[in-house]
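J.: Please find one structure pasted underneath; my questions will follow.
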Amino acid sequence: MDLLTVSPSPHMRGSATTTSIMRDVLIALAPAAVASTLIFGFRSLLLIAVCVLSCVVFEWGFEKLVKRENTIGDLSACVTGVLLAYNLPVTLPIWQAVVGCFVAIVVVKQLFGGIGKNFANPAITARIFLALAFAQTMSHYISPTAADGITAATPLMVTGATPYTLAEYMPTTLNLFLGNHGGVLGETSALALLLGLAYLLIRKVITWETPVMYLATVFLLSLAWGANPLTAILSGGLMLGAIFMATDYVTAPITFWGRFVFGIGCGVFTVIFRQLSSYPEGVSFAILLMNILTPYLNRFTATKPFGGKKVTAK
């Protein structure tokens, strides 16, 4: 009986499953898919389809190889595929996207034991890998109106330019909100991402602490730094990261204050990377760093049940 562990009451059972949660996330991601198609054309749908299919195949193949229970039915590989595609420019060669899917599913997820056991978000880690391995193609963005493939800078790349260049090329706040500017597939339209946020909150798939504190921290620190705070929160992958990747069930804290601090930490690191590094974006690096700190946030923000006593491990 010394090994018997009983968790404190209340004991609650919900109707949510991994599959139902992932289905809701896919529904929430759908507006961004529509926006990316309208903004960048049908090649964005091709890239999304390739990433989803590749992630599913890699997950099925690896689990078959190691004789592990098949999990492609839980839709988590599909979510990883969509999120990775949303982090890629529409011009990226298909084979490089497939390499990113291999890194996300096999290296980051399956080699650590599969869903629920990876310490970092697979899509974010794969994007960082691709950015380092294929820097030129990963930074090749086109103008939203350019069926002819005219290269265009992202808003974060423009903010480092001279005032004259900034005035000429910086999108208006409305265009930033709608997504009419250069960038990767899923990050440009803040409107589409906010629709997804509303759906996830209504369905209670995520809670408000991490995305709200993330966005608020970037807004306030950018304002203090002398940058345009609206541009800061509407540019780059901030919305995508705050809503869909910083809230990942596996790699984010499970406690209220843990999620609260996690969002603030992501915001602080994002602004530091944006303002002090040579890399124009810092969302992926910020979330990855906070993923590493998640176990400590869970430990230090855990609440003690009323009447409970601290247990010392023997």
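Letters A, B, ... mark the chains of the structure tokens in the order given; residue numbers begin at 1 per chain; ligand numbers begin at 1, in order shown.
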Quick one: everything within 8 Å of Pro122 (chain A), counting only C-alpha atoms, minus sequence neighbours fewer than 3 positions away in the same chain. Send it as a short mmCIF file (atom, residue, chain, number, x, y, z; two decimals) with N, CA and C atoms, in the first residue's frame.

T.:
data_model
loop_
_atom_site.label_atom_id
_atom_site.label_comp_id
_atom_site.auth_asym_id
_atom_site.auth_seq_id
_atom_site.Cartn_x
_atom_site.Cartn_y
_atom_site.Cartn_z
N THR A 80 -0.05 19.57 -36.36
CA THR A 80 1.36 19.92 -36.52
C THR A 80 1.66 20.30 -37.97
N VAL A 103 11.41 16.53 -39.27
CA VAL A 103 12.00 17.03 -38.02
C VAL A 103 10.91 17.17 -36.96
N ALA A 104 9.76 17.73 -37.34
CA ALA A 104 8.69 17.96 -36.37
C ALA A 104 8.15 16.67 -35.79
N ILE A 105 7.84 15.71 -36.65
CA ILE A 105 7.17 14.49 -36.21
C ILE A 105 8.13 13.45 -35.65
N VAL A 108 11.32 15.61 -33.11
CA VAL A 108 10.85 16.34 -31.93
C VAL A 108 9.74 15.60 -31.18
N LYS A 109 8.87 14.92 -31.90
CA LYS A 109 7.73 14.28 -31.25
C LYS A 109 7.95 12.80 -30.96
N ASN A 118 6.74 15.10 -25.78
CA ASN A 118 7.73 16.01 -26.37
C ASN A 118 7.87 17.25 -25.50
N THR A 125 9.89 24.08 -33.42
CA THR A 125 11.24 23.57 -33.53
C THR A 125 11.60 23.30 -34.98
N ALA A 126 10.66 22.77 -35.74
CA ALA A 126 10.91 22.51 -37.16
C ALA A 126 11.11 23.81 -37.93
#

J.: Write out as a PDB file with N, CA and C atoms, in the first residue's frame each polymer residue whose atoms come within 10 Å of region 95-101 of chain A, counting only C-alpha atoms; drop sequence neighbours fewer than 2 positions from it.

T.:
ATOM      1  N   LEU A  47       0.892  23.723 -50.194  1.00  0.00           N
ATOM      2  CA  LEU A  47       1.897  23.606 -49.137  1.00  0.00           C
ATOM      3  C   LEU A  47       1.270  23.056 -47.849  1.00  0.00           C
ATOM      4  N   ILE A  48       0.071  23.526 -47.527  1.00  0.00           N
ATOM      5  CA  ILE A  48      -0.628  23.020 -46.340  1.00  0.00           C
ATOM      6  C   ILE A  48      -0.930  21.532 -46.493  1.00  0.00           C
ATOM      7  N   VAL A  50       0.568  19.294 -48.408  1.00  0.00           N
ATOM      8  CA  VAL A  50       1.807  18.510 -48.382  1.00  0.00           C
ATOM      9  C   VAL A  50       2.293  18.329 -46.944  1.00  0.00           C
ATOM     10  N   CYS A  51       2.247  19.397 -46.156  1.00  0.00           N
ATOM     11  CA  CYS A  51       2.715  19.316 -44.761  1.00  0.00           C
ATOM     12  C   CYS A  51       1.840  18.380 -43.928  1.00  0.00           C
ATOM     13  N   VAL A  52       0.537  18.475 -44.101  1.00  0.00           N
ATOM     14  CA  VAL A  52      -0.372  17.595 -43.346  1.00  0.00           C
ATOM     15  C   VAL A  52      -0.141  16.142 -43.737  1.00  0.00           C
ATOM     16  N   LEU A  53      -0.096  15.879 -45.040  1.00  0.00           N
ATOM     17  CA  LEU A  53       0.105  14.509 -45.510  1.00  0.00           C
ATOM     18  C   LEU A  53       1.455  13.961 -45.045  1.00  0.00           C
ATOM     19  N   SER A  54       2.497  14.773 -45.133  1.00  0.00           N
ATOM     20  CA  SER A  54       3.830  14.318 -44.731  1.00  0.00           C
ATOM     21  C   SER A  54       3.877  14.000 -43.241  1.00  0.00           C
ATOM     22  N   CYS A  55       3.278  14.860 -42.425  1.00  0.00           N
ATOM     23  CA  CYS A  55       3.278  14.615 -40.978  1.00  0.00           C
ATOM     24  C   CYS A  55       2.529  13.340 -40.630  1.00  0.00           C
ATOM     25  N   VAL A  56       1.406  13.100 -41.287  1.00  0.00           N
ATOM     26  CA  VAL A  56       0.632  11.881 -41.032  1.00  0.00           C
ATOM     27  C   VAL A  56       1.424  10.648 -41.453  1.00  0.00           C
ATOM     28  N   VAL A  57       2.055  10.707 -42.622  1.00  0.00           N
ATOM     29  CA  VAL A  57       2.828   9.566 -43.119  1.00  0.00           C
ATOM     30  C   VAL A  57       4.027   9.285 -42.221  1.00  0.00           C
ATOM     31  N   PHE A  58       4.728  10.332 -41.811  1.00  0.00           N
ATOM     32  CA  PHE A  58       5.887  10.136 -40.937  1.00  0.00           C
ATOM     33  C   PHE A  58       5.470   9.546 -39.586  1.00  0.00           C
ATOM     34  N   GLU A  59       4.341  10.019 -39.054  1.00  0.00           N
ATOM     35  CA  GLU A  59       3.883   9.475 -37.777  1.00  0.00           C
ATOM     36  C   GLU A  59       3.475   8.016 -37.917  1.00  0.00           C
ATOM     37  N   ALA A  77      -1.092  14.949 -35.589  1.00  0.00           N
ATOM     38  CA  ALA A  77      -0.146  15.109 -36.691  1.00  0.00           C
ATOM     39  C   ALA A  77      -0.684  16.100 -37.719  1.00  0.00           C
ATOM     40  N   THR A  80      -0.054  19.573 -36.358  1.00  0.00           N
ATOM     41  CA  THR A  80       1.360  19.919 -36.524  1.00  0.00           C
ATOM     42  C   THR A  80       1.656  20.300 -37.970  1.00  0.00           C
ATOM     43  N   GLY A  81       1.082  19.549 -38.916  1.00  0.00           N
ATOM     44  CA  GLY A  81       1.298  19.855 -40.329  1.00  0.00           C
ATOM     45  C   GLY A  81       0.774  21.225 -40.720  1.00  0.00           C
ATOM     46  N   LEU A  84       2.965  23.967 -39.047  1.00  0.00           N
ATOM     47  CA  LEU A  84       4.256  24.112 -39.719  1.00  0.00           C
ATOM     48  C   LEU A  84       4.087  24.824 -41.046  1.00  0.00           C
ATOM     49  N   ALA A  85       3.062  24.449 -41.811  1.00  0.00           N
ATOM     50  CA  ALA A  85       2.804  25.128 -43.094  1.00  0.00           C
ATOM     51  C   ALA A  85       2.566  26.613 -42.891  1.00  0.00           C
ATOM     52  N   LEU A  88       5.655  28.811 -42.937  1.00  0.00           N
ATOM     53  CA  LEU A  88       6.503  28.748 -44.118  1.00  0.00           C
ATOM     54  C   LEU A  88       6.080  29.786 -45.148  1.00  0.00           C
ATOM     55  N   PRO A  89       7.043  30.348 -45.893  1.00  0.00           N
ATOM     56  CA  PRO A  89       6.674  31.233 -47.004  1.00  0.00           C
ATOM     57  C   PRO A  89       6.094  30.420 -48.154  1.00  0.00           C
ATOM     58  N   LEU A  92       8.417  28.421 -50.617  1.00  0.00           N
ATOM     59  CA  LEU A  92       9.355  27.398 -50.148  1.00  0.00           C
ATOM     60  C   LEU A  92       9.244  26.137 -51.010  1.00  0.00           C
ATOM     61  N   PRO A  93      10.384  25.580 -51.446  1.00  0.00           N
ATOM     62  CA  PRO A  93      10.340  24.314 -52.197  1.00  0.00           C
ATOM     63  C   PRO A  93       9.647  23.216 -51.390  1.00  0.00           C
ATOM     64  N   VAL A 103      11.414  16.529 -39.267  1.00  0.00           N
ATOM     65  CA  VAL A 103      11.996  17.031 -38.021  1.00  0.00           C
ATOM     66  C   VAL A 103      10.908  17.168 -36.957  1.00  0.00           C
ATOM     67  N   ALA A 104       9.764  17.732 -37.338  1.00  0.00           N
ATOM     68  CA  ALA A 104       8.688  17.965 -36.370  1.00  0.00           C
ATOM     69  C   ALA A 104       8.147  16.669 -35.791  1.00  0.00           C
ATOM     70  N   ILE A 105       7.835  15.708 -36.655  1.00  0.00           N
ATOM     71  CA  ILE A 105       7.166  14.489 -36.206  1.00  0.00           C
ATOM     72  C   ILE A 105       8.134  13.451 -35.650  1.00  0.00           C
ATOM     73  N   VAL A 106       9.177  13.152 -36.395  1.00  0.00           N
ATOM     74  CA  VAL A 106      10.079  12.071 -35.992  1.00  0.00           C
ATOM     75  C   VAL A 106      11.057  12.531 -34.914  1.00  0.00           C
ATOM     76  N   VAL A 107      11.752  13.643 -35.166  1.00  0.00           N
ATOM     77  CA  VAL A 107      12.814  14.065 -34.259  1.00  0.00           C
ATOM     78  C   VAL A 107      12.258  14.675 -32.976  1.00  0.00           C
ATOM     79  N   VAL A 108      11.319  15.606 -33.105  1.00  0.00           N
ATOM     80  CA  VAL A 108      10.849  16.340 -31.932  1.00  0.00           C
ATOM     81  C   VAL A 108       9.745  15.599 -31.184  1.00  0.00           C
ATOM     82  N   PRO A 122       6.557  20.848 -31.707  1.00  0.00           N
ATOM     83  CA  PRO A 122       7.177  20.310 -32.920  1.00  0.00           C
ATOM     84  C   PRO A 122       7.228  21.297 -34.085  1.00  0.00           C
ATOM     85  N   ALA A 123       6.132  22.030 -34.309  1.00  0.00           N
ATOM     86  CA  ALA A 123       6.093  22.958 -35.439  1.00  0.00           C
ATOM     87  C   ALA A 123       7.090  24.098 -35.265  1.00  0.00           C
ATOM     88  N   THR A 125       9.887  24.083 -33.418  1.00  0.00           N
ATOM     89  CA  THR A 125      11.243  23.575 -33.529  1.00  0.00           C
ATOM     90  C   THR A 125      11.604  23.301 -34.979  1.00  0.00           C
ATOM     91  N   ALA A 126      10.662  22.771 -35.736  1.00  0.00           N
ATOM     92  CA  ALA A 126      10.909  22.514 -37.157  1.00  0.00           C
ATOM     93  C   ALA A 126      11.109  23.810 -37.927  1.00  0.00           C
ATOM     94  N   ARG A 127      10.359  24.849 -37.567  1.00  0.00           N
ATOM     95  CA  ARG A 127      10.551  26.128 -38.249  1.00  0.00           C
ATOM     96  C   ARG A 127      11.941  26.676 -37.967  1.00  0.00           C
ATOM     97  N   ILE A 128      12.394  26.598 -36.739  1.00  0.00           N
ATOM     98  CA  ILE A 128      13.731  27.078 -36.399  1.00  0.00           C
ATOM     99  C   ILE A 128      14.781  26.290 -37.169  1.00  0.00           C
ATOM    100  N   PHE A 129      14.600  24.972 -37.244  1.00  0.00           N
ATOM    101  CA  PHE A 129      15.534  24.146 -38.009  1.00  0.00           C
ATOM    102  C   PHE A 129      15.583  24.588 -39.470  1.00  0.00           C
ATOM    103  N   LEU A 130      14.415  24.771 -40.080  1.00  0.00           N
ATOM    104  CA  LEU A 130      14.370  25.173 -41.482  1.00  0.00           C
ATOM    105  C   LEU A 130      14.983  26.558 -41.694  1.00  0.00           C
ATOM    106  N   ALA A 131      14.730  27.472 -40.741  1.00  0.00           N
ATOM    107  CA  ALA A 131      15.289  28.819 -40.858  1.00  0.00           C
ATOM    108  C   ALA A 131      16.812  28.802 -40.818  1.00  0.00           C
ATOM    109  N   ALA A 133      18.698  25.952 -41.573  1.00  0.00           N
ATOM    110  CA  ALA A 133      19.209  25.095 -42.639  1.00  0.00           C
ATOM    111  C   ALA A 133      18.992  25.685 -44.027  1.00  0.00           C
ATOM    112  N   PHE A 134      17.886  26.388 -44.207  1.00  0.00           N
ATOM    113  CA  PHE A 134      17.540  26.940 -45.525  1.00  0.00           C
ATOM    114  C   PHE A 134      17.201  28.422 -45.377  1.00  0.00           C
ATOM    115  N   THR A 137      15.725  30.449 -48.685  1.00  0.00           N
ATOM    116  CA  THR A 137      14.355  30.163 -49.110  1.00  0.00           C
ATOM    117  C   THR A 137      13.342  30.446 -48.006  1.00  0.00           C
ATOM    118  N   MET A 138      13.755  30.309 -46.755  1.00  0.00           N
ATOM    119  CA  MET A 138      12.838  30.571 -45.647  1.00  0.00           C
ATOM    120  C   MET A 138      12.599  32.066 -45.439  1.00  0.00           C
TER     121      MET A 138
END

J.: Excluding Val212 (chain A) and residues on its chain fewer than 4 positions from it, collect all residues at most 8 Å away from it, counting only C-alpha atoms, and give them as a list in words.

T.: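 Counting only C-alpha atoms, the residues come to Trp208, Ala216 and Gly263 of chain A.
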
J.: Per DSSP on the backbone, what are the alpha helix (DSSP H) residues of region 160-296 of chain A, as a PyMOL selection string?

T.: chain A and resi 163-169+173-178+190-202+209-225+229-234+238-240+256-276+283-296

J.: Can you measure CA of Asn298 (chain A) to CA of Ala120 (chain A) for me? One decimal in Å is fine.

T.: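 Distance reported for this atom pair: 15.0 Å.
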
J.: Using only C-alpha atoms, which of the listed residues (A:Asn228, A:Ser235, A:Ser222, A:Thr217) sits closest to Val268 (chain A)?

T.: A:Thr217

J.: Can you tell me how far CA of Met245 (chain A) sits from CA of Asn121 (chain A), in Å to one decimal?

T.: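 Here the two named atoms are 7.0 Å from each other.
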
J.: Looking at only C-alpha atoms, which of A:Ile72, A:Val184, A:Leu65, A:Ala224 is the one that sits closest to Ser139 (chain A)?

T.: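 The closest residue to Ser139 (chain A) is A:Val184.
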
J.: Would you mind listing what lies within 7 Å of region 193-205 of chain A as a tab-separated table (two decimals) with N, CA and C atoms, in the first residue's frame, with only C-alpha atoms counted and same-chain residues fewer than 5 positions away left out?

T.:
chain	number	residue	atom	x	y	z
A	21	ILE	N	-10.32	17.75	-29.29
A	21	ILE	CA	-9.56	18.98	-29.09
A	21	ILE	C	-8.81	19.37	-30.37
A	28	ALA	N	-10.40	26.06	-35.82
A	28	ALA	CA	-9.93	27.41	-35.51
A	28	ALA	C	-8.86	27.89	-36.47
A	29	LEU	N	-8.10	26.95	-37.04
A	29	LEU	CA	-7.05	27.31	-37.99
A	29	LEU	C	-7.59	27.55	-39.41
A	31	PRO	N	-9.88	29.66	-40.77
A	31	PRO	CA	-9.92	31.01	-41.34
A	31	PRO	C	-8.57	31.48	-41.86
A	32	ALA	N	-7.49	31.10	-41.20
A	32	ALA	CA	-6.16	31.49	-41.68
A	32	ALA	C	-5.82	30.79	-42.99
A	239	MET	N	0.77	36.78	-33.39
A	239	MET	CA	-0.61	36.30	-33.20
A	239	MET	C	-0.67	34.78	-33.35
A	240	LEU	N	-0.05	34.26	-34.38
A	240	LEU	CA	-0.05	32.82	-34.62
A	240	LEU	C	0.58	32.08	-33.44
A	243	ILE	N	-1.57	32.44	-30.02
A	243	ILE	CA	-2.87	31.78	-29.99
A	243	ILE	C	-2.76	30.27	-30.13

J.: Measuring between only C-alpha atoms, which one of A:Gly241, A:Gly61, A:Gly267, A:Gly183 shows the shortest distance to Leu220 (chain A)?

T.: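 Smallest distance to Leu220 (chain A) is found for A:Gly267.
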
J.: Point out the residue among A:Leu191, A:Leu185, A:Leu176, A:Leu26 with the least atom-to-atom distance to Phe40 (chain A), counting only C-alpha atoms.

T.: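 Going through A:Leu191, A:Leu185, A:Leu176, A:Leu26 one by one, the smallest distance to Phe40 (chain A) is for A:Leu185.
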
J.: Between A:Pro171, A:Pro253, A:Gly265, A:Pro295, which residue has the minimum interatomic distance to Leu215 (chain A), considering only C-alpha atoms?

T.: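 Looking at the shortest contact to Leu215 (chain A), the residue is A:Gly265.
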
J.: Which distance in Å separates CA of Phe244 (chain A) and CA of Asp24 (chain A), to one decimal?

T.: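 These two atoms are separated by 11.5 Å.
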
J.: From the list A:Ile272, A:Glu281, A:Val261, A:Leu45, which residue is nearest Leu297 (chain A) when using only C-alpha atoms?

T.: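 Smallest separation from Leu297 (chain A) among the options: A:Val261.
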